[in-house]
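final25.cif (mmCIF, C-alpha atoms and all ligand atoms) appears below.
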data_final
#
loop_
_atom_site.label_atom_id
_atom_site.label_comp_id
_atom_site.auth_asym_id
_atom_site.auth_seq_id
_atom_site.Cartn_x
_atom_site.Cartn_y
_atom_site.Cartn_z
CA MET A 238 1.79 7.93 -3.13
CA LEU A 239 4.18 9.19 -0.46
CA MET A 240 4.96 7.38 2.79
CA GLY A 241 7.34 8.53 5.48
CA ALA A 242 7.60 9.44 9.15
CA PRO A 243 6.07 12.74 10.31
CA GLY A 244 8.54 15.45 9.35
CA CYS A 245 10.53 13.43 6.80
CA GLY A 246 9.81 16.00 4.05
CA LYS A 247 6.72 14.78 2.14
CA GLY A 248 4.96 18.13 2.40
CA THR A 249 8.13 19.99 1.44
CA GLN A 250 8.60 18.01 -1.77
CA SER A 251 4.94 17.80 -2.82
CA PRO A 252 4.43 21.39 -4.11
CA GLU A 253 7.45 20.94 -6.40
CA MET A 254 6.08 17.64 -7.74
CA LYS A 255 2.63 19.13 -8.18
CA GLU A 256 4.01 21.97 -10.28
CA ARG A 257 6.48 19.87 -12.27
CA TYR A 258 4.03 17.15 -13.28
CA GLY A 259 0.78 19.16 -13.34
CA ILE A 260 -1.04 16.81 -10.97
CA CYS A 261 -2.85 17.62 -7.76
CA HIS A 262 -1.52 17.20 -4.24
CA LEU A 263 -3.83 15.49 -1.75
CA SER A 264 -2.46 15.61 1.78
CA THR A 265 -4.79 13.85 4.20
CA GLY A 266 -3.23 15.78 7.09
CA ASP A 267 -4.01 19.11 5.37
CA MET A 268 -7.55 18.01 4.47
CA LEU A 269 -8.24 16.87 8.04
CA ARG A 270 -6.84 20.12 9.52
CA ASP A 271 -9.07 22.04 7.11
CA ALA A 272 -12.13 20.00 8.22
CA ILE A 273 -11.30 20.79 11.86
CA GLU A 274 -10.98 24.48 11.13
CA ARG A 275 -14.29 24.56 9.24
CA ARG A 276 -15.92 22.55 12.07
CA THR A 277 -17.42 19.98 9.69
CA PRO A 278 -18.85 16.77 11.26
CA ASN A 279 -15.67 14.90 10.26
CA GLY A 280 -13.55 17.71 11.66
CA LEU A 281 -15.32 17.59 15.03
CA ARG A 282 -14.99 13.81 15.08
CA VAL A 283 -11.23 13.73 14.54
CA LYS A 284 -10.10 16.85 16.40
CA GLU A 285 -8.89 15.09 19.56
CA GLN A 286 -7.23 12.20 17.75
CA MET A 287 -5.27 14.61 15.57
CA ALA A 288 -4.17 16.72 18.54
CA SER A 289 -2.88 13.65 20.40
CA GLY A 290 -1.10 12.30 17.32
CA ASP A 291 -3.29 9.19 16.91
CA LEU A 292 -4.51 7.99 13.53
CA VAL A 293 -8.09 8.93 12.66
CA PRO A 294 -10.54 6.15 11.68
CA ASP A 295 -9.89 4.54 8.29
CA GLU A 296 -13.41 5.19 6.99
CA VAL A 297 -13.24 8.93 7.77
CA VAL A 298 -9.96 9.45 5.99
CA PHE A 299 -10.90 7.21 3.07
CA GLY A 300 -14.19 9.10 2.60
CA ILE A 301 -12.25 12.37 2.36
CA VAL A 302 -9.73 10.92 -0.11
CA LYS A 303 -12.42 9.35 -2.29
CA ASP A 304 -14.22 12.68 -2.68
CA ALA A 305 -10.98 14.55 -3.36
CA ILE A 306 -9.73 12.32 -6.17
CA ARG A 307 -13.00 12.79 -8.07
CA GLN A 308 -12.41 16.55 -8.38
CA PRO A 309 -11.81 17.76 -11.95
CA GLU A 310 -8.36 19.17 -11.10
CA CYS A 311 -7.21 15.62 -10.27
CA ARG A 312 -8.13 14.21 -13.68
CA TYR A 313 -4.47 14.08 -14.84
CA GLY A 314 -3.37 12.34 -11.67
CA TYR A 315 -2.61 13.06 -8.05
CA ILE A 316 -0.04 12.74 -5.30
CA LEU A 317 -1.39 10.98 -2.22
CA ASP A 318 0.56 12.42 0.72
CA GLY A 319 -0.01 10.58 4.01
CA PHE A 320 -2.53 8.07 2.66
CA PRO A 321 -2.72 5.09 2.84
CA ARG A 322 -1.19 4.75 6.28
CA THR A 323 -2.52 1.32 7.23
CA ILE A 324 -2.90 -1.94 5.31
CA HIS A 325 -6.66 -1.60 5.61
CA GLN A 326 -6.51 1.85 3.94
CA ALA A 327 -4.27 0.44 1.18
CA GLN A 328 -6.77 -2.35 0.56
CA MET A 329 -9.73 0.06 0.51
CA LEU A 330 -7.91 2.25 -2.01
CA GLU A 331 -6.94 -0.70 -4.19
CA GLU A 332 -10.52 -1.99 -4.25
CA VAL A 333 -11.94 1.32 -5.45
CA GLU A 334 -9.12 2.82 -7.56
CA GLY A 335 -6.88 -0.15 -8.42
CA ASN A 336 -3.14 0.02 -7.79
CA VAL A 337 -1.32 3.31 -7.27
CA ASP A 338 1.36 3.76 -9.98
CA HIS A 339 4.29 4.34 -7.62
CA ALA A 340 4.84 4.27 -3.86
CA LEU A 341 7.72 6.39 -2.53
CA VAL A 342 8.92 5.80 1.02
CA PHE A 343 11.04 8.60 2.55
CA GLU A 344 13.65 7.27 5.00
CA ALA A 345 15.58 9.24 7.66
CA PRO A 346 16.95 8.55 11.18
CA ASP A 347 14.64 9.18 14.17
CA GLN A 348 16.65 12.13 15.51
CA VAL A 349 16.44 13.93 12.16
CA ILE A 350 12.68 13.38 12.11
CA LEU A 351 12.22 14.82 15.62
CA ASP A 352 14.48 17.81 14.94
CA ARG A 353 12.57 18.62 11.76
CA THR A 354 9.09 18.56 13.29
CA SER A 355 10.09 20.64 16.30
CA GLY A 356 11.27 23.60 14.19
CA ARG A 357 8.61 23.50 11.50
CA TRP A 358 6.58 26.51 10.35
CA ILE A 359 3.85 26.29 7.69
CA HIS A 360 2.25 28.71 5.23
CA LYS A 361 -1.30 27.49 5.48
CA ALA A 362 -2.71 28.63 2.13
CA SER A 363 -0.01 27.03 -0.02
CA GLY A 364 1.28 24.26 2.26
CA ARG A 365 4.83 25.61 1.92
CA SER A 366 6.91 24.30 4.77
CA TYR A 367 9.86 26.05 6.49
CA HIS A 368 12.23 25.19 9.30
CA GLU A 369 13.79 27.53 11.88
CA VAL A 370 17.24 26.05 11.32
CA PHE A 371 17.29 23.91 8.17
CA ARG A 372 15.10 25.99 5.88
CA PRO A 373 14.40 29.43 7.34
CA PRO A 374 12.11 31.84 5.51
CA LEU A 375 13.73 35.03 4.13
CA VAL A 376 11.92 37.06 6.82
CA ALA A 377 11.32 35.28 10.15
CA GLY A 378 7.68 34.19 10.53
CA LYS A 379 6.65 35.19 6.95
CA ASP A 380 6.03 33.19 3.77
CA ASN A 381 8.69 33.87 1.09
CA GLN A 382 6.20 34.34 -1.76
CA THR A 383 3.25 36.13 -0.16
CA GLY A 384 4.71 37.66 3.02
CA GLU A 385 1.78 36.16 4.94
CA PRO A 386 2.32 34.88 8.49
CA LEU A 387 3.54 31.32 9.13
CA VAL A 388 1.95 29.05 11.76
CA GLN A 389 3.01 26.05 13.85
CA ARG A 390 0.97 22.85 14.29
CA PRO A 391 -0.22 21.67 17.73
CA GLU A 392 0.83 18.08 16.90
CA ASP A 393 4.45 19.19 16.47
CA ARG A 394 4.91 19.37 20.27
CA ARG A 395 7.86 17.10 21.03
CA GLU A 396 5.94 14.45 23.05
CA VAL A 397 3.22 14.23 20.37
CA ALA A 398 5.84 14.07 17.60
CA GLN A 399 7.53 11.16 19.44
CA HIS A 400 4.18 9.33 19.70
CA ARG A 401 3.45 9.89 15.99
CA LEU A 402 6.87 8.52 15.10
CA GLU A 403 6.28 5.36 17.16
CA LEU A 404 2.88 4.84 15.53
CA TYR A 405 4.41 5.33 12.09
CA LYS A 406 7.08 2.72 12.75
CA ARG A 407 4.42 0.22 13.79
CA GLU A 408 2.34 0.77 10.65
CA VAL A 409 4.93 1.31 7.96
CA GLN A 410 6.64 -2.06 7.48
CA PRO A 411 3.47 -3.92 6.41
CA LEU A 412 2.73 -1.09 3.96
CA VAL A 413 6.26 -1.15 2.58
CA ASP A 414 5.90 -4.94 2.10
CA PHE A 415 2.46 -4.45 0.49
CA TYR A 416 3.83 -2.09 -2.20
CA ALA A 417 7.15 -3.93 -2.60
CA SER A 418 5.25 -7.15 -3.34
CA ARG A 419 3.45 -5.32 -6.17
CA GLY A 420 6.75 -3.99 -7.60
CA LEU A 421 5.74 -0.36 -6.95
CA LEU A 422 8.10 0.67 -4.12
CA HIS A 423 10.89 3.28 -4.40
CA ARG A 424 13.08 4.23 -1.42
CA ILE A 425 14.08 7.90 -1.05
CA GLN A 426 16.97 8.80 1.26
CA ALA A 427 15.40 11.85 2.94
CA ASN A 428 18.33 12.79 5.21
CA PHE A 429 19.86 15.11 2.62
CA PRO A 430 19.34 18.76 1.69
CA VAL A 431 15.95 19.55 0.14
CA GLU A 432 17.40 19.98 -3.38
CA THR A 433 19.16 16.59 -3.21
CA VAL A 434 15.93 14.87 -2.21
CA THR A 435 14.10 16.70 -5.02
CA ALA A 436 16.68 15.44 -7.51
CA ALA A 437 16.28 11.86 -6.26
CA ILE A 438 12.51 12.06 -6.72
CA ARG A 439 12.87 13.56 -10.19
CA SER A 440 15.22 10.76 -11.23
CA ILE A 441 12.43 8.29 -10.52
CA LEU A 442 9.41 10.25 -11.72
CA ASP A 443 10.74 12.23 -14.71
CA PRO A 444 11.17 9.21 -16.99
CA ILE A 445 7.68 8.01 -16.08
CA ALA A 446 6.19 11.46 -16.63
CA TYR A 447 7.84 11.75 -20.07
CA ALA A 448 6.69 8.26 -21.01
CA THR A 449 3.08 8.99 -20.04
CA GLY A 450 3.03 12.51 -21.53
CA LEU A 451 2.50 14.25 -18.18
CA LYS A 452 5.35 16.76 -18.62
P1 LIG A 501 0.11 14.64 8.37
O1 LIG A 501 -0.19 16.05 8.21
O2 LIG A 501 0.06 13.72 7.19
O3 LIG A 501 1.49 14.51 9.05
P2 LIG A 501 2.67 13.51 8.81
O4 LIG A 501 2.62 12.43 7.82
O5 LIG A 501 2.84 13.04 10.17
O6 LIG A 501 3.72 14.36 8.12
P3 LIG A 501 4.03 15.81 8.31
O7 LIG A 501 3.16 16.71 7.53
O8 LIG A 501 4.12 16.07 9.81
O9 LIG A 501 5.52 15.84 7.76
P4 LIG A 501 6.10 15.94 6.29
O10 LIG A 501 6.72 14.66 5.90
O11 LIG A 501 5.12 16.54 5.35
O12 LIG A 501 7.30 16.95 6.61
P5 LIG A 501 7.55 18.44 6.09
O13 LIG A 501 7.76 18.44 4.63
O14 LIG A 501 6.54 19.39 6.66
O15 LIG A 501 -0.84 13.96 9.46
C1 LIG A 501 -1.21 14.62 10.66
C2 LIG A 501 -2.23 13.79 11.40
O16 LIG A 501 -3.41 13.58 10.58
C3 LIG A 501 -1.80 12.37 11.79
O17 LIG A 501 -1.06 12.35 12.98
C4 LIG A 501 -3.18 11.67 11.92
O18 LIG A 501 -3.81 12.02 13.12
C5 LIG A 501 -3.99 12.29 10.79
N1 LIG A 501 -3.92 11.53 9.53
C6 LIG A 501 -3.40 11.99 8.35
N2 LIG A 501 -3.49 11.04 7.39
C7 LIG A 501 -4.07 9.95 7.97
C8 LIG A 501 -4.40 8.66 7.51
N3 LIG A 501 -4.15 8.27 6.25
N4 LIG A 501 -4.98 7.79 8.37
C9 LIG A 501 -5.24 8.16 9.65
N5 LIG A 501 -4.93 9.36 10.16
C10 LIG A 501 -4.35 10.27 9.34
O19 LIG A 501 8.99 18.72 6.78
C11 LIG A 501 9.13 18.85 8.17
C12 LIG A 501 10.14 19.97 8.49
O20 LIG A 501 11.44 19.60 8.00
C13 LIG A 501 9.80 21.30 7.83
O21 LIG A 501 10.12 22.31 8.73
C14 LIG A 501 10.73 21.37 6.59
O22 LIG A 501 11.08 22.69 6.25
C15 LIG A 501 11.93 20.55 7.05
N6 LIG A 501 12.54 19.78 5.97
C16 LIG A 501 11.89 19.03 5.03
N7 LIG A 501 12.78 18.43 4.21
C17 LIG A 501 14.02 18.79 4.67
C18 LIG A 501 15.36 18.47 4.26
N8 LIG A 501 15.60 17.65 3.21
N9 LIG A 501 16.38 18.99 4.96
C19 LIG A 501 16.16 19.80 6.04
N10 LIG A 501 14.92 20.15 6.47
C20 LIG A 501 13.86 19.65 5.80
#

Step by step, read the file and then write its structure as structure tokens.
Ligand code: AP5
Amino acid sequence: MLMGAPGCGKGTQSPEMKERYGICHLSTGDMLRDAIERRTPNGLRVKEQMASGDLVPDEVVFGIVKDAIRQPECRYGYILDGFPRTIHQAQMLEEVEGNVDHALVFEAPDQVILDRTSGRWIHKASGRSYHEVFRPPLVAGKDNQTGEPLVQRPEDRREVAQHRLELYKREVQPLVDFYASRGLLHRIQANFPVETVTAAIRSILDPIAYATGLK
């Protein structure tokens, strides 16, 4: 599972991990945005909280995660991106699924986090993430692989991003302690170029993937 402040690079690294290890990528942020777009009851319930950068209720997000991990494409394993985000969510997950295998926390200074969210552009269908300055697409406003248009998220407005960062800081330390106490925590220095961060993740996960026959 991946923890880290909004904009630290979880969504950027996840597609690479998904492909390399053949496991599915479950981003609670993406699933909630999808529910809002499809106007499902959960989507309608969480729309305002998401837009203001607040966390949505634990039971809503856990319900979505529980359904997702039962899908056949997740049978070889999954990356949890953005969940759990509170101790209560971590306990709910542990009760139903047991321990996660590894918890990666991405660490970067506040200013880097805010600069990254403010210039972010997303390709919705694939989740590929770009940045105006740090990771521009080949053609401005278009996805590199499909040429489809890129979009920005409402919660990336600077004042909302600042609020999300403060919330994250409040919630993260207990979670870090929770996974450290179980011997599952790995720290990733996320304030490096994308390829350097990818290499750091591979150095942790490749040996495990080989050992468990995932690769
Ligand atoms: P969610 O979608 O999970 O947002 P987040 O965790 O806040 O993280 P982001 O997706 O914003 O950032 P990221 O780390 O994926 O960064 P990215 O790779 O895009 O959650 C949204 C909302 O949903 C929450 O606020 C909450 O309301 C709700 N929610 C979700 N889960 C919940 C839960 N469990 N409980 C309750 N509520 C929940 O990178 C950012 C930018 O930086 C991109 O432009 C990218 O190109 C660039 N970049 C990435 N890496 C690098 C690098 N190494 N160098 C330079 N640029 C980089």

**Study point:** Within 6 Å of ligand LIG 501 (chain A) (all atoms listed in the file), residues as a PyMOL selection string
**Key:** chain A and resi 242-249+265-267+286-287+290-293+295+298+319-322+353-354+356-358+366-368+371-372+401+427-431

Practice item. With all atoms listed in the file counted, which protein, DNA or RNA residues have an atom no more than 9 Å from (0.7, 13.5, 22.0) in the file frame? Please answer as a list in words. Key: Met287, Ala288, Ser289, Gly290, Asp291, Glu392, Asp393, Arg394, Arg395, Glu396, Val397, Ala398, Gln399, His400 and Arg401 of chain A

Review point. Taking all atoms listed in the file into account, which of A:Asp443, A:Asp271, A:Glu369, A:Glu385 comes nearest A:Tyr258?
Key: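 Once distances to A:Tyr258 are computed over all atoms listed in the file, the minimum belongs to A:Asp443.
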
Exercise for review: Give the answer as one residue: which of A:Val376, A:Gln326, A:His339, A:Asp304 has the shortest atom-to-atom distance to A:Leu442, using all atoms listed in the file?
Suggested key: A:His339

Practice item. Would you kindly identify which residues have an atom no farther than 8 Å from (2.4, 18.3, -2.8), using all atoms listed in the file and the file's own coordinates, and write them out as a PyMOL selection string? Key: chain A and resi 247-255+261-264+316+318+364

Practice item. List the neighbours of A:Lys303 out to 10 Å using all atoms listed in the file; skip same-chain residues closer than 4 positions along the sequence, and give me the result as a ChimeraX atom specification. Key: /A:298-299,307-308,330,333-334

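What separates atom CA of A:Leu341 from atom CA of A:Ile425 is a distance of 6.7 Å.
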
Exercise for review: Would you work out the distance separating atom CA of A:Ala446 from atom CA of A:Tyr315, expressed in Å to one decimal?
Suggested key: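 Atom CA of A:Tyr315 lies at a distance of 12.4 Å from atom CA of A:Ala446.
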
**Study point:** A:Pro411 environment, 9 Å, only C-alpha atoms, sequence neighbours closer than 4 positions dropped, as a PyMOL selection string
**Key:** chain A and resi 323-324+407+415-416

Name all residues at most 9 Å from A:Asn336 (count only C-alpha atoms; drop same-chain ones fewer than 5 positions away) and give them as an mmCIF file with C-alpha atoms, in the frame of the given file.
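Resulting contents of selection36.cif:
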data_model
loop_
_atom_site.group_PDB
_atom_site.id
_atom_site.type_symbol
_atom_site.label_atom_id
_atom_site.label_comp_id
_atom_site.auth_asym_id
_atom_site.auth_seq_id
_atom_site.Cartn_x
_atom_site.Cartn_y
_atom_site.Cartn_z
ATOM 1 C CA LEU A 330 -7.910 2.250 -2.010
ATOM 2 C CA GLU A 331 -6.940 -0.700 -4.190
ATOM 3 C CA ARG A 419 3.450 -5.320 -6.170
ATOM 4 C CA LEU A 421 5.740 -0.360 -6.950
#
